[in-house]
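Colleague: Sharing a structure here in structure tokens format.
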Amino acid sequence: MTELATADELFVERIGRDFARRHLLLGVGRREGQLQLLVSERTKPTAIHNVGAFLELPVMTEVADAELIARRIDEAYAQHRRARNLDPEQPVDAVAGDAPENRDSVAHWLEQADRDLLTTQGKGPIVQLVDAFLFEALGRGASDVHIQPLTDRTSVRYRVDGILHDMHELSTDVAAAAISRIKVMGRMDIAQRRIPQDGRASVTIGGRSIDLRLSTVPTSYGERAVLRLLDSTHQLCEFDRIGMRDEVGSVFLERATRSNGIILVTGPTGSGKTTTLYSTLKRTVSSRLNVMTIEDPIEYELATVGLAISQMQVNARKGITFATGLRHILRQDPDVIMVGEIRDAETARVAIQSSLTGHLVFSTLHTNDAPSAVTRLVDLGVEPYLVSASLSAVLAQRLVRTIHRSCKGLGCEECFGTGLRGRTGLFELMPIDEPIRQLIVDGAPVSAIRVAARNGGMRLLGEEGQRLVEAGITTPVEVHRVVQMV
């Protein structure tokens, strides 16, 4: 059956022959909307991911003999070129572009990076290299790419599911050229290497539009760069899929559909706070409401999923901060406001006042748990009676990696040998009831507020983690890593 299967036309049209030969894979049709791929036993999972990401199709694989696959690839691409009246012997994957003096070195790193020649065709080698890292990072589901200089080499690492993984090593000269390319993308000063710089860029990789936040800093071994990947084409997570228990979700959604008050989501950077807020807005917003946001940055264009929401981005150079942006939003007759983060006293006061004057306000804070959000607001200078009157609920959350079902937690190349792949949420919800309001007004310590919340039914993050361990969803070590559960 494999021998007689016809090569997939879209695969042959868009995937380069050299890439297919190097990784020994070939599309041979569709089944239930999935692209069927012939692969060999040594085909890398990253190459399979890259094909699926580039063609924007889910893939299913069938292992076949390497020689058979190579022969089928040659036949498919030769037939394709004959159909287009092209010379079947002419190379189809030649890479154009001026090569620097260290071409051999660059070519080596390109080979190691599993580049997609169709997205880099016609570009110089260093541009290809950076594009290849971005494409591979997207295929791996990475949120960040780190280029870190060390004593004798430069390490390239991807952050996947919140954990950094070593992926490639570059020589010093290649790394310097790559960082210069990153600076060009972010419109930074490539001649200035002794001060930190920040930039933004939008690129198209494998047919996907990606927003990048770029940062470079000088270190003792050279410049270091970090690229945050914001995939604007990524599907917005549905509220029911973020991992919240039904008992918690029903109470949270009830608070999220009230006409006023402030709802806070707390947790460290990268704990999924913004995703929770986006999912909540998607679940609760109707066309009868005027919803506006102020964010830094806008991580997802909510209009693309049909939501009538106006989003504003912080721009410090033009004087748009969270506080000033929020003040302008209040003049737009909003019903619901989302403030990306409460960072300072002014933003806190304006958000609190907004919630007291008939607006429903969502925002985030950096605190370890839900009760600590109360003392954080007070520390920012908000009077306790205002916190008590305005606060509707606080949701603390973490993201824990889940057991990789494909390898049953044993570890494989796709999960970097960890046995964990993908993440789900842990949630600690503290609805503000009358006993807690009174404690806030009285200036009670956070320990007393925590006891009152526990008496009201709040389950701690560690307890939620233990529930997932018992259900076989994650591991005790992973839960302890994110919540320091004793």
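Residue numbering restarts at 1 for every chain of the structure tokens, chains are lettered A, B, ... in their displayed order, and ligands are numbered from 1 as they appear.
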Pick out the residues sitting within 8 Å of Val28 in chain A, and hand them over as a count of residues only; count only C-alpha atoms, and ignore anything fewer than 6 positions along from it in its own chain.
Modeller: 8
Colleague: I'd like the contact shell of Arg376 in chain A - 9 Å cut-off, only C-alpha atoms, skipping same-chain residues fewer than 5 positions apart - returned as a PDB file with N, CA and C atoms, in the first residue's frame.
Modeller:
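And here is the file that came out, selection.pdb:
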```pdb
ATOM      1  N   LEU A 365      -1.358  40.687  38.801  1.00  0.00           N
ATOM      2  CA  LEU A 365      -0.372  41.097  39.802  1.00  0.00           C
ATOM      3  C   LEU A 365       0.678  40.001  39.928  1.00  0.00           C
ATOM      4  N   HIS A 366       1.855  40.377  40.365  1.00  0.00           N
ATOM      5  CA  HIS A 366       2.907  39.387  40.622  1.00  0.00           C
ATOM      6  C   HIS A 366       2.944  39.099  42.118  1.00  0.00           C
ATOM      7  N   THR A 367       2.190  38.096  42.554  1.00  0.00           N
ATOM      8  CA  THR A 367       2.241  37.640  43.943  1.00  0.00           C
ATOM      9  C   THR A 367       2.269  36.122  43.942  1.00  0.00           C
ATOM     10  N   GLY A 381      -0.055  51.503  48.097  1.00  0.00           N
ATOM     11  CA  GLY A 381      -0.607  52.774  48.542  1.00  0.00           C
ATOM     12  C   GLY A 381      -2.110  52.900  48.459  1.00  0.00           C
TER      13      GLY A 381
END
```
Colleague: For Ile432 in chain A, find every residue with an atom within 12 Å (counting only C-alpha atoms), except residues of its own chain fewer than 3 positions away, and show them as a JSON list (two decimals) with all heavy atoms, in the first residue's frame.
Modeller:
```json
[["chain", "number", "residue", "atom", "x", "y", "z"],
["A", 251, "VAL", "N", -17.61, 29.54, 39.97],
["A", 251, "VAL", "CA", -17.55, 30.70, 40.86],
["A", 251, "VAL", "C", -16.80, 31.85, 40.19],
["A", 251, "VAL", "O", -17.23, 33.02, 40.24],
["A", 251, "VAL", "CB", -16.86, 30.32, 42.19],
["A", 251, "VAL", "CG1", -16.71, 31.56, 43.09],
["A", 251, "VAL", "CG2", -17.64, 29.24, 42.91],
["A", 252, "PHE", "N", -15.68, 31.53, 39.53],
["A", 252, "PHE", "CA", -14.90, 32.57, 38.86],
["A", 252, "PHE", "C", -15.71, 33.26, 37.75],
["A", 252, "PHE", "O", -15.70, 34.48, 37.64],
["A", 252, "PHE", "CB", -13.63, 31.94, 38.28],
["A", 252, "PHE", "CG", -12.74, 32.93, 37.56],
["A", 252, "PHE", "CD1", -11.97, 33.84, 38.28],
["A", 252, "PHE", "CD2", -12.69, 32.96, 36.18],
["A", 252, "PHE", "CE1", -11.16, 34.76, 37.63],
["A", 252, "PHE", "CE2", -11.87, 33.85, 35.51],
["A", 252, "PHE", "CZ", -11.11, 34.76, 36.24],
["A", 255, "ARG", "N", -18.26, 35.74, 39.08],
["A", 255, "ARG", "CA", -17.65, 37.03, 39.41],
["A", 255, "ARG", "C", -17.28, 37.80, 38.14],
["A", 255, "ARG", "O", -17.34, 39.03, 38.12],
["A", 255, "ARG", "CB", -16.41, 36.81, 40.28],
["A", 255, "ARG", "CG", -16.69, 36.14, 41.63],
["A", 255, "ARG", "CD", -17.46, 37.05, 42.56],
["A", 255, "ARG", "NE", -17.89, 36.39, 43.78],
["A", 255, "ARG", "CZ", -17.60, 36.83, 45.01],
["A", 255, "ARG", "NH1", -16.85, 37.92, 45.16],
["A", 255, "ARG", "NH2", -18.05, 36.18, 46.06],
["A", 261, "GLY", "N", -16.53, 45.87, 39.92],
["A", 261, "GLY", "CA", -15.56, 45.19, 40.77],
["A", 261, "GLY", "C", -14.27, 44.93, 40.01],
["A", 261, "GLY", "O", -14.20, 45.10, 38.79],
["A", 262, "ILE", "N", -13.25, 44.52, 40.75],
["A", 262, "ILE", "CA", -11.96, 44.21, 40.12],
["A", 262, "ILE", "C", -11.61, 42.76, 40.38],
["A", 262, "ILE", "O", -11.74, 42.25, 41.51],
["A", 262, "ILE", "CB", -10.85, 45.16, 40.65],
["A", 262, "ILE", "CG1", -9.54, 44.88, 39.92],
["A", 262, "ILE", "CG2", -10.68, 45.07, 42.14],
["A", 262, "ILE", "CD1", -8.50, 45.96, 40.13],
["A", 263, "ILE", "N", -11.20, 42.07, 39.34],
["A", 263, "ILE", "CA", -10.79, 40.67, 39.42],
["A", 263, "ILE", "C", -9.32, 40.61, 39.07],
["A", 263, "ILE", "O", -8.90, 41.07, 38.00],
["A", 263, "ILE", "CB", -11.61, 39.79, 38.46],
["A", 263, "ILE", "CG1", -13.08, 39.78, 38.90],
["A", 263, "ILE", "CG2", -11.06, 38.38, 38.40],
["A", 263, "ILE", "CD1", -13.99, 39.03, 37.97],
["A", 264, "LEU", "N", -8.53, 40.03, 39.95],
["A", 264, "LEU", "CA", -7.08, 39.95, 39.77],
["A", 264, "LEU", "C", -6.65, 38.51, 39.52],
["A", 264, "LEU", "O", -7.16, 37.58, 40.16],
["A", 264, "LEU", "CB", -6.34, 40.49, 40.99],
["A", 264, "LEU", "CG", -6.56, 41.97, 41.32],
["A", 264, "LEU", "CD1", -5.84, 42.32, 42.63],
["A", 264, "LEU", "CD2", -6.06, 42.85, 40.19],
["A", 370, "ALA", "N", -3.09, 33.88, 46.21],
["A", 370, "ALA", "CA", -4.23, 34.79, 46.12],
["A", 370, "ALA", "C", -4.32, 35.76, 47.30],
["A", 370, "ALA", "O", -4.49, 36.97, 47.09],
["A", 370, "ALA", "CB", -5.51, 33.97, 45.99],
["A", 371, "PRO", "N", -4.20, 35.31, 48.56],
["A", 371, "PRO", "CA", -4.32, 36.26, 49.68],
["A", 371, "PRO", "C", -3.27, 37.37, 49.63],
["A", 371, "PRO", "O", -3.53, 38.49, 50.07],
["A", 371, "PRO", "CB", -4.14, 35.36, 50.91],
["A", 371, "PRO", "CG", -4.59, 34.01, 50.46],
["A", 371, "PRO", "CD", -4.13, 33.91, 49.04],
["A", 373, "ALA", "N", -2.33, 39.11, 47.27],
["A", 373, "ALA", "CA", -2.71, 40.22, 46.40],
["A", 373, "ALA", "C", -3.26, 41.39, 47.20],
["A", 373, "ALA", "O", -3.09, 42.56, 46.83],
["A", 373, "ALA", "CB", -3.74, 39.75, 45.37],
["A", 374, "VAL", "N", -3.93, 41.08, 48.31],
["A", 374, "VAL", "CA", -4.50, 42.14, 49.15],
["A", 374, "VAL", "C", -3.40, 43.01, 49.73],
["A", 374, "VAL", "O", -3.43, 44.25, 49.63],
["A", 374, "VAL", "CB", -5.36, 41.53, 50.27],
["A", 374, "VAL", "CG1", -5.81, 42.62, 51.25],
["A", 374, "VAL", "CG2", -6.56, 40.80, 49.69],
["A", 387, "VAL", "N", -9.67, 48.80, 48.86],
["A", 387, "VAL", "CA", -9.42, 47.42, 48.43],
["A", 387, "VAL", "C", -10.61, 46.54, 48.80],
["A", 387, "VAL", "O", -11.10, 45.75, 47.99],
["A", 387, "VAL", "CB", -8.13, 46.87, 49.05],
["A", 387, "VAL", "CG1", -7.92, 45.41, 48.67],
["A", 387, "VAL", "CG2", -6.92, 47.71, 48.62],
["A", 388, "SER", "N", -11.09, 46.70, 50.03],
["A", 388, "SER", "CA", -12.21, 45.90, 50.51],
["A", 388, "SER", "C", -13.46, 46.13, 49.68],
["A", 388, "SER", "O", -14.18, 45.18, 49.33],
["A", 388, "SER", "CB", -12.49, 46.23, 51.98],
["A", 388, "SER", "OG", -13.66, 45.60, 52.42],
["A", 389, "ALA", "N", -13.70, 47.37, 49.31],
["A", 389, "ALA", "CA", -14.94, 47.71, 48.60],
["A", 389, "ALA", "C", -14.89, 47.30, 47.13],
["A", 389, "ALA", "O", -15.95, 47.01, 46.53],
["A", 389, "ALA", "CB", -15.20, 49.21, 48.71],
["A", 390, "SER", "N", -13.72, 47.27, 46.54],
["A", 390, "SER", "CA", -13.63, 47.07, 45.09],
["A", 390, "SER", "C", -13.29, 45.65, 44.68],
["A", 390, "SER", "O", -13.73, 45.18, 43.62],
["A", 390, "SER", "CB", -12.57, 48.02, 44.50],
["A", 390, "SER", "OG", -11.29, 47.72, 45.04],
["A", 391, "LEU", "N", -12.51, 44.93, 45.49],
["A", 391, "LEU", "CA", -12.00, 43.62, 45.07],
["A", 391, "LEU", "C", -13.13, 42.59, 45.05],
["A", 391, "LEU", "O", -13.85, 42.42, 46.04],
["A", 391, "LEU", "CB", -10.89, 43.18, 46.03],
["A", 391, "LEU", "CG", -9.92, 42.12, 45.52],
["A", 391, "LEU", "CD1", -9.25, 42.55, 44.23],
["A", 391, "LEU", "CD2", -8.86, 41.84, 46.60],
["A", 392, "SER", "N", -13.27, 41.90, 43.92],
["A", 392, "SER", "CA", -14.32, 40.90, 43.76],
["A", 392, "SER", "C", -13.78, 39.49, 43.92],
["A", 392, "SER", "O", -14.40, 38.64, 44.56],
["A", 392, "SER", "CB", -14.98, 41.05, 42.39],
["A", 392, "SER", "OG", -15.96, 40.06, 42.19],
["A", 393, "ALA", "N", -12.62, 39.21, 43.33],
["A", 393, "ALA", "CA", -12.03, 37.87, 43.43],
["A", 393, "ALA", "C", -10.56, 37.95, 43.04],
["A", 393, "ALA", "O", -10.16, 38.82, 42.26],
["A", 393, "ALA", "CB", -12.76, 36.87, 42.55],
["A", 394, "VAL", "N", -9.78, 37.02, 43.59],
["A", 394, "VAL", "CA", -8.36, 36.89, 43.22],
["A", 394, "VAL", "C", -8.12, 35.44, 42.83],
["A", 394, "VAL", "O", -8.48, 34.52, 43.56],
["A", 394, "VAL", "CB", -7.42, 37.29, 44.37],
["A", 394, "VAL", "CG1", -5.97, 37.18, 43.91],
["A", 394, "VAL", "CG2", -7.72, 38.69, 44.87],
["A", 395, "LEU", "N", -7.51, 35.26, 41.66],
["A", 395, "LEU", "CA", -7.19, 33.93, 41.16],
["A", 395, "LEU", "C", -5.68, 33.81, 41.04],
["A", 395, "LEU", "O", -5.06, 34.51, 40.25],
["A", 395, "LEU", "CB", -7.84, 33.70, 39.80],
["A", 395, "LEU", "CG", -7.61, 32.33, 39.15],
["A", 395, "LEU", "CD1", -8.44, 31.26, 39.86],
["A", 395, "LEU", "CD2", -7.96, 32.36, 37.67],
["A", 429, "LEU", "N", -8.53, 29.99, 43.88],
["A", 429, "LEU", "CA", -9.50, 31.09, 43.77],
["A", 429, "LEU", "C", -9.95, 31.57, 45.15],
["A", 429, "LEU", "O", -10.39, 30.77, 45.98],
["A", 429, "LEU", "CB", -10.72, 30.64, 42.97],
["A", 429, "LEU", "CG", -11.83, 31.69, 42.82],
["A", 429, "LEU", "CD1", -11.34, 32.89, 42.03],
["A", 429, "LEU", "CD2", -13.07, 31.08, 42.16],
["A", 435, "PRO", "N", -16.54, 38.18, 55.49],
["A", 435, "PRO", "CA", -15.48, 38.02, 56.49],
["A", 435, "PRO", "C", -14.12, 38.52, 55.99],
["A", 435, "PRO", "O", -13.37, 39.16, 56.74],
["A", 435, "PRO", "CB", -15.47, 36.51, 56.75],
["A", 435, "PRO", "CG", -16.85, 36.07, 56.42],
["A", 435, "PRO", "CD", -17.27, 36.92, 55.27],
["A", 436, "ILE", "N", -13.81, 38.23, 54.72],
["A", 436, "ILE", "CA", -12.53, 38.68, 54.18],
["A", 436, "ILE", "C", -12.51, 40.19, 54.02],
["A", 436, "ILE", "O", -11.50, 40.85, 54.30],
["A", 436, "ILE", "CB", -12.24, 37.98, 52.84],
["A", 436, "ILE", "CG1", -12.02, 36.48, 53.08],
["A", 436, "ILE", "CG2", -11.01, 38.59, 52.17],
["A", 436, "ILE", "CD1", -11.77, 35.69, 51.81],
["A", 437, "ARG", "N", -13.64, 40.77, 53.59],
["A", 437, "ARG", "CA", -13.70, 42.24, 53.46],
["A", 437, "ARG", "C", -13.43, 42.92, 54.80],
["A", 437, "ARG", "O", -12.71, 43.92, 54.88],
["A", 437, "ARG", "CB", -15.08, 42.67, 52.93],
["A", 437, "ARG", "CG", -15.34, 42.25, 51.50],
["A", 437, "ARG", "CD", -16.59, 42.91, 50.94],
["A", 437, "ARG", "NE", -16.99, 42.27, 49.69],
["A", 437, "ARG", "CZ", -16.43, 42.50, 48.52],
["A", 437, "ARG", "NH1", -15.42, 43.36, 48.43],
["A", 437, "ARG", "NH2", -16.86, 41.87, 47.45],
["A", 438, "GLN", "N", -13.98, 42.37, 55.86],
["A", 438, "GLN", "CA", -13.78, 42.96, 57.17],
["A", 438, "GLN", "C", -12.32, 42.84, 57.62],
["A", 438, "GLN", "O", -11.75, 43.78, 58.20],
["A", 438, "GLN", "CB", -14.69, 42.29, 58.21],
["A", 438, "GLN", "CG", -14.70, 42.98, 59.57],
["A", 438, "GLN", "CD", -15.13, 44.43, 59.47],
["A", 438, "GLN", "OE1", -16.19, 44.74, 58.91],
["A", 438, "GLN", "NE2", -14.33, 45.35, 60.02],
["A", 439, "LEU", "N", -11.69, 41.70, 57.32],
["A", 439, "LEU", "CA", -10.28, 41.53, 57.66],
["A", 439, "LEU", "C", -9.41, 42.55, 56.91],
["A", 439, "LEU", "O", -8.45, 43.09, 57.46],
["A", 439, "LEU", "CB", -9.82, 40.11, 57.32],
["A", 439, "LEU", "CG", -10.33, 38.99, 58.23],
["A", 439, "LEU", "CD1", -9.96, 37.64, 57.65],
["A", 439, "LEU", "CD2", -9.75, 39.14, 59.63],
["A", 440, "ILE", "N", -9.76, 42.81, 55.64],
["A", 440, "ILE", "CA", -8.99, 43.79, 54.86],
["A", 440, "ILE", "C", -9.12, 45.18, 55.47],
["A", 440, "ILE", "O", -8.12, 45.90, 55.63],
["A", 440, "ILE", "CB", -9.47, 43.80, 53.39],
["A", 440, "ILE", "CG1", -9.20, 42.45, 52.73],
["A", 440, "ILE", "CG2", -8.78, 44.91, 52.61],
["A", 440, "ILE", "CD1", -9.81, 42.30, 51.35],
["A", 449, "ILE", "N", -6.05, 36.38, 56.50],
["A", 449, "ILE", "CA", -6.88, 36.36, 55.29],
["A", 449, "ILE", "C", -6.86, 34.97, 54.66],
["A", 449, "ILE", "O", -7.88, 34.47, 54.19],
["A", 449, "ILE", "CB", -6.39, 37.43, 54.30],
["A", 449, "ILE", "CG1", -6.57, 38.83, 54.89],
["A", 449, "ILE", "CG2", -7.12, 37.31, 52.96],
["A", 449, "ILE", "CD1", -5.98, 39.94, 54.05],
["A", 450, "ARG", "N", -5.70, 34.33, 54.68],
["A", 450, "ARG", "CA", -5.58, 32.99, 54.12],
["A", 450, "ARG", "C", -6.44, 31.99, 54.88],
["A", 450, "ARG", "O", -7.10, 31.14, 54.29],
["A", 450, "ARG", "CB", -4.12, 32.54, 54.11],
["A", 450, "ARG", "CG", -3.88, 31.22, 53.40],
["A", 450, "ARG", "CD", -2.40, 30.83, 53.35],
["A", 450, "ARG", "NE", -1.62, 31.76, 52.55],
["A", 450, "ARG", "CZ", -0.74, 32.62, 53.03],
["A", 450, "ARG", "NH1", -0.54, 32.69, 54.36],
["A", 450, "ARG", "NH2", -0.07, 33.43, 52.23],
["A", 452, "ALA", "N", -9.15, 32.66, 56.60],
["A", 452, "ALA", "CA", -10.56, 32.94, 56.29],
["A", 452, "ALA", "C", -10.94, 32.40, 54.93],
["A", 452, "ALA", "O", -12.04, 31.86, 54.73],
["A", 452, "ALA", "CB", -10.81, 34.45, 56.36],
["A", 453, "ALA", "N", -10.03, 32.53, 53.96],
["A", 453, "ALA", "CA", -10.31, 32.01, 52.61],
["A", 453, "ALA", "C", -10.41, 30.49, 52.63],
["A", 453, "ALA", "O", -11.27, 29.91, 51.96],
["A", 453, "ALA", "CB", -9.22, 32.47, 51.65],
["A", 454, "ARG", "N", -9.53, 29.86, 53.42],
["A", 454, "ARG", "CA", -9.58, 28.39, 53.52],
["A", 454, "ARG", "C", -10.89, 27.96, 54.17],
["A", 454, "ARG", "O", -11.50, 26.97, 53.75],
["A", 454, "ARG", "CB", -8.40, 27.90, 54.36],
["A", 454, "ARG", "CG", -7.05, 28.11, 53.72],
["A", 454, "ARG", "CD", -6.70, 27.00, 52.77],
["A", 454, "ARG", "NE", -6.33, 25.77, 53.49],
["A", 454, "ARG", "CZ", -6.52, 24.55, 53.05],
["A", 454, "ARG", "NH1", -7.14, 24.37, 51.90],
["A", 454, "ARG", "NH2", -6.12, 23.51, 53.73],
["A", 456, "GLY", "N", -13.59, 29.42, 53.86],
["A", 456, "GLY", "CA", -14.63, 29.63, 52.85],
["A", 456, "GLY", "C", -14.58, 28.64, 51.71],
["A", 456, "GLY", "O", -15.39, 28.74, 50.77],
["A", 457, "GLY", "N", -13.62, 27.72, 51.74],
["A", 457, "GLY", "CA", -13.58, 26.67, 50.73],
["A", 457, "GLY", "C", -12.44, 26.78, 49.73],
["A", 457, "GLY", "O", -12.37, 25.96, 48.79],
["A", 458, "MET", "N", -11.54, 27.75, 49.89],
["A", 458, "MET", "CA", -10.45, 27.89, 48.93],
["A", 458, "MET", "C", -9.47, 26.73, 49.06],
["A", 458, "MET", "O", -9.04, 26.38, 50.15],
["A", 458, "MET", "CB", -9.70, 29.22, 49.16],
["A", 458, "MET", "CG", -8.58, 29.47, 48.17],
["A", 458, "MET", "SD", -7.65, 30.99, 48.54],
["A", 458, "MET", "CE", -6.59, 30.40, 49.89]]
```
Colleague: Write out as a ChimeraX atom specification all residues of range 118-258 of chain A that DSSP puts in strand (DSSP E) for this structure's backbone.
Modeller: /A:142-149,154-160,163-170,197-205,208-219,222-231
Colleague: Neighbouring residues of range 463-479 of chain A were defined as those with any atom within 7 Å, considering only C-alpha atoms; residues of the same chain fewer than 2 positions away were excluded. Please report them as a PyMOL selection string.
Modeller: chain A and resi 400-403+426+459-461+481-483
Colleague: What's around Ala76 in chain A at 9 Å? Count only C-alpha atoms, leave out sequence neighbours fewer than 2 positions away in its own chain, and write the answer as a PyMOL selection string.
Modeller: chain A and resi 6-8+12+26+71-74+78-81
Colleague: Quick one: residues within 10 Å of Arg288 in chain A, only C-alpha atoms counted, chain neighbours fewer than 3 positions away excluded, as number ranges by chain?
Modeller: A: 285, 291, 308, 335
Colleague: Could those selected residues go to a file with all heavy atoms, as a PDB file, in the first residue's frame?
Modeller:
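See result36.pdb below for the written result:
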```pdb
ATOM      1  N   VAL A 285     -17.739  37.869  27.168  1.00  0.00           N
ATOM      2  CA  VAL A 285     -18.052  39.139  26.506  1.00  0.00           C
ATOM      3  C   VAL A 285     -19.185  38.963  25.497  1.00  0.00           C
ATOM      4  O   VAL A 285     -19.204  38.000  24.737  1.00  0.00           O
ATOM      5  CB  VAL A 285     -16.795  39.699  25.808  1.00  0.00           C
ATOM      6  CG1 VAL A 285     -17.158  40.800  24.826  1.00  0.00           C
ATOM      7  CG2 VAL A 285     -15.833  40.231  26.853  1.00  0.00           C
ATOM      8  N   VAL A 291     -15.867  46.725  25.502  1.00  0.00           N
ATOM      9  CA  VAL A 291     -14.729  46.132  26.200  1.00  0.00           C
ATOM     10  C   VAL A 291     -13.453  46.722  25.626  1.00  0.00           C
ATOM     11  O   VAL A 291     -13.256  46.739  24.405  1.00  0.00           O
ATOM     12  CB  VAL A 291     -14.712  44.596  26.052  1.00  0.00           C
ATOM     13  CG1 VAL A 291     -13.564  43.998  26.857  1.00  0.00           C
ATOM     14  CG2 VAL A 291     -16.042  44.006  26.492  1.00  0.00           C
ATOM     15  N   ALA A 308     -15.712  41.835  19.778  1.00  0.00           N
ATOM     16  CA  ALA A 308     -15.751  43.292  19.592  1.00  0.00           C
ATOM     17  C   ALA A 308     -15.016  43.958  20.752  1.00  0.00           C
ATOM     18  O   ALA A 308     -15.615  44.560  21.645  1.00  0.00           O
ATOM     19  CB  ALA A 308     -17.198  43.779  19.512  1.00  0.00           C
ATOM     20  N   ASP A 335     -17.541  49.312  29.450  1.00  0.00           N
ATOM     21  CA  ASP A 335     -18.232  48.476  30.440  1.00  0.00           C
ATOM     22  C   ASP A 335     -17.245  47.545  31.138  1.00  0.00           C
ATOM     23  O   ASP A 335     -17.327  47.329  32.351  1.00  0.00           O
ATOM     24  CB  ASP A 335     -19.318  47.632  29.757  1.00  0.00           C
ATOM     25  CG  ASP A 335     -20.392  48.472  29.109  1.00  0.00           C
ATOM     26  OD1 ASP A 335     -21.064  49.222  29.839  1.00  0.00           O
ATOM     27  OD2 ASP A 335     -20.540  48.413  27.879  1.00  0.00           O
TER      28      ASP A 335
END
```
Colleague: Please provide the set of residues having any atom within 9 Å of Ala70 in chain A, restricted to only C-alpha atoms, with same-chain residues fewer than 6 positions apart removed, written as a PyMOL selection string.
Modeller: chain A and resi 20-21+24-26
Colleague: Restricting it to N, CA, C and O atoms, dump the selection as a short mmCIF file (atom, residue, chain, number, x, y, z; two decimals), in the first residue's frame.
Modeller:
```
data_model
loop_
_atom_site.label_atom_id
_atom_site.label_comp_id
_atom_site.auth_asym_id
_atom_site.auth_seq_id
_atom_site.Cartn_x
_atom_site.Cartn_y
_atom_site.Cartn_z
N ALA A 20 13.45 17.22 2.16
CA ALA A 20 12.81 15.91 2.21
C ALA A 20 13.85 14.80 2.20
O ALA A 20 13.74 13.81 2.95
N ARG A 21 14.90 14.93 1.35
CA ARG A 21 15.92 13.91 1.27
C ARG A 21 16.75 13.86 2.55
O ARG A 21 17.12 12.79 3.04
N LEU A 24 14.51 12.38 5.10
CA LEU A 24 13.83 11.16 4.68
C LEU A 24 12.36 11.16 5.11
O LEU A 24 11.91 10.37 5.94
N LEU A 25 11.62 12.09 4.52
CA LEU A 25 10.19 12.13 4.75
C LEU A 25 9.49 12.58 3.47
O LEU A 25 10.02 13.35 2.67
N LEU A 26 8.26 12.09 3.26
CA LEU A 26 7.50 12.41 2.06
C LEU A 26 6.01 12.32 2.37
O LEU A 26 5.54 11.33 2.93
#
```
Colleague: Using CA of Arg153 in chain A and CA of Glu136 in chain A as the two end points, give the distance in Å to one decimal.
Modeller: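 Value for the CA of Arg153 in chain A-CA of Glu136 in chain A distance: 20.6 Å.
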Colleague: Could you pull out all residues of range 230-455 of chain A with a DSSP call of helix (DSSP H, G or I) and give them as an MDAnalysis selection string?
Modeller: chainID A and resid 239:241 246:256 273:284 302:305 316:318 322:330 345:356 372:379 384:390 434:441 446:455
